[in-house]
Amino acid sequence: MTTKINEKLEELNEVIKQELDDRVTYVKIFINAQGVDMNVYHRTPEELKREGISMRNIKGDFIK
């Protein structure tokens, strides 16, 4: 990838971390000729507790 693409991806990563909810565990972005598709995945503290899972959010903090 080019330097410019890498820079923009890093910028996007920072914006995603700042703007998305604390329960977001990951984001998928698909880009093609038709446009952009973005899927945002959430996990609630209750779900994680029921499943006995300890998980970090997109920001790197544990979901409590």
# chains A, B, ... in the order shown; residues from 1 in each chain; ligands from 1
$ select_by_dssp --residues "region 8-46 of chain A" --states "strand (DSSP E or B)" --output "list in words"
Val24, Thr25, Tyr26, Val27, Lys28, Ile29, Phe30, Ile31, Asn32, Gly35, Val36, Asp37, Met38, Asn39, Val40, Tyr41 and His42 of chain A
$ write_last_selection --atoms "N, CA and C atoms" --output "PDB file, in the first residue's frame"
ATOM      1  N   VAL A  24     -18.321  -1.591  21.288  1.00  0.00           N
ATOM      2  CA  VAL A  24     -17.932  -2.065  19.961  1.00  0.00           C
ATOM      3  C   VAL A  24     -16.655  -2.897  20.078  1.00  0.00           C
ATOM      4  N   THR A  25     -16.723  -4.145  19.573  1.00  0.00           N
ATOM      5  CA  THR A  25     -15.578  -5.039  19.659  1.00  0.00           C
ATOM      6  C   THR A  25     -14.757  -5.073  18.371  1.00  0.00           C
ATOM      7  N   TYR A  26     -15.421  -4.925  17.231  1.00  0.00           N
ATOM      8  CA  TYR A  26     -14.668  -4.798  15.990  1.00  0.00           C
ATOM      9  C   TYR A  26     -15.515  -4.204  14.883  1.00  0.00           C
ATOM     10  N   VAL A  27     -14.834  -3.732  13.860  1.00  0.00           N
ATOM     11  CA  VAL A  27     -15.459  -3.072  12.714  1.00  0.00           C
ATOM     12  C   VAL A  27     -14.901  -3.713  11.448  1.00  0.00           C
ATOM     13  N   LYS A  28     -15.792  -4.028  10.518  1.00  0.00           N
ATOM     14  CA  LYS A  28     -15.376  -4.526   9.202  1.00  0.00           C
ATOM     15  C   LYS A  28     -15.744  -3.472   8.165  1.00  0.00           C
ATOM     16  N   ILE A  29     -14.790  -3.138   7.320  1.00  0.00           N
ATOM     17  CA  ILE A  29     -15.037  -2.180   6.249  1.00  0.00           C
ATOM     18  C   ILE A  29     -14.681  -2.857   4.933  1.00  0.00           C
ATOM     19  N   PHE A  30     -15.628  -2.843   4.006  1.00  0.00           N
ATOM     20  CA  PHE A  30     -15.441  -3.452   2.695  1.00  0.00           C
ATOM     21  C   PHE A  30     -15.598  -2.351   1.655  1.00  0.00           C
ATOM     22  N   ILE A  31     -14.598  -2.198   0.810  1.00  0.00           N
ATOM     23  CA  ILE A  31     -14.616  -1.155  -0.216  1.00  0.00           C
ATOM     24  C   ILE A  31     -14.473  -1.820  -1.576  1.00  0.00           C
ATOM     25  N   ASN A  32     -15.397  -1.478  -2.475  1.00  0.00           N
ATOM     26  CA  ASN A  32     -15.285  -1.942  -3.854  1.00  0.00           C
ATOM     27  C   ASN A  32     -15.818  -0.862  -4.788  1.00  0.00           C
ATOM     28  N   GLY A  35     -19.053   0.983  -3.744  1.00  0.00           N
ATOM     29  CA  GLY A  35     -19.079   1.855  -2.575  1.00  0.00           C
ATOM     30  C   GLY A  35     -18.416   1.222  -1.367  1.00  0.00           C
ATOM     31  N   VAL A  36     -18.915   1.628  -0.200  1.00  0.00           N
ATOM     32  CA  VAL A  36     -18.332   1.203   1.072  1.00  0.00           C
ATOM     33  C   VAL A  36     -19.417   0.548   1.918  1.00  0.00           C
ATOM     34  N   ASP A  37     -19.075  -0.571   2.527  1.00  0.00           N
ATOM     35  CA  ASP A  37     -19.972  -1.257   3.453  1.00  0.00           C
ATOM     36  C   ASP A  37     -19.236  -1.386   4.776  1.00  0.00           C
ATOM     37  N   MET A  38     -19.860  -0.897   5.860  1.00  0.00           N
ATOM     38  CA  MET A  38     -19.229  -0.931   7.177  1.00  0.00           C
ATOM     39  C   MET A  38     -20.134  -1.660   8.145  1.00  0.00           C
ATOM     40  N   ASN A  39     -19.594  -2.686   8.798  1.00  0.00           N
ATOM     41  CA  ASN A  39     -20.324  -3.433   9.809  1.00  0.00           C
ATOM     42  C   ASN A  39     -19.663  -3.203  11.157  1.00  0.00           C
ATOM     43  N   VAL A  40     -20.486  -2.855  12.148  1.00  0.00           N
ATOM     44  CA  VAL A  40     -20.000  -2.575  13.493  1.00  0.00           C
ATOM     45  C   VAL A  40     -20.576  -3.649  14.416  1.00  0.00           C
ATOM     46  N   TYR A  41     -19.703  -4.304  15.181  1.00  0.00           N
ATOM     47  CA  TYR A  41     -20.107  -5.403  16.051  1.00  0.00           C
ATOM     48  C   TYR A  41     -20.003  -4.995  17.514  1.00  0.00           C
ATOM     49  N   HIS A  42     -21.110  -5.215  18.251  1.00  0.00           N
ATOM     50  CA  HIS A  42     -21.202  -4.858  19.671  1.00  0.00           C
ATOM     51  C   HIS A  42     -21.299  -6.120  20.517  1.00  0.00           C
TER      52      HIS A  42
END
$ select_by_dssp --residues "chain A" --states "helix (DSSP H, G or I)" --output "number ranges by chain"
A: 3-19, 45-51
$ atom_distance --atom1 "CA of Asn6 (chain A)" --atom2 "CA of Glu19 (chain A)"
20.0 Å
$ atom_distance --atom1 "CA of Thr2 (chain A)" --atom2 "CA of Leu20 (chain A)"
26.7 Å
$ closest_residue --among "A:Thr3, A:Asn13, A:Gln34, A:Thr44" --to "Phe62 (chain A)" --atoms "only C-alpha atoms"
A:Thr44
$ atom_distance --atom1 "CA of Met55 (chain A)" --atom2 "CA of Ile16 (chain A)"
17.9 Å
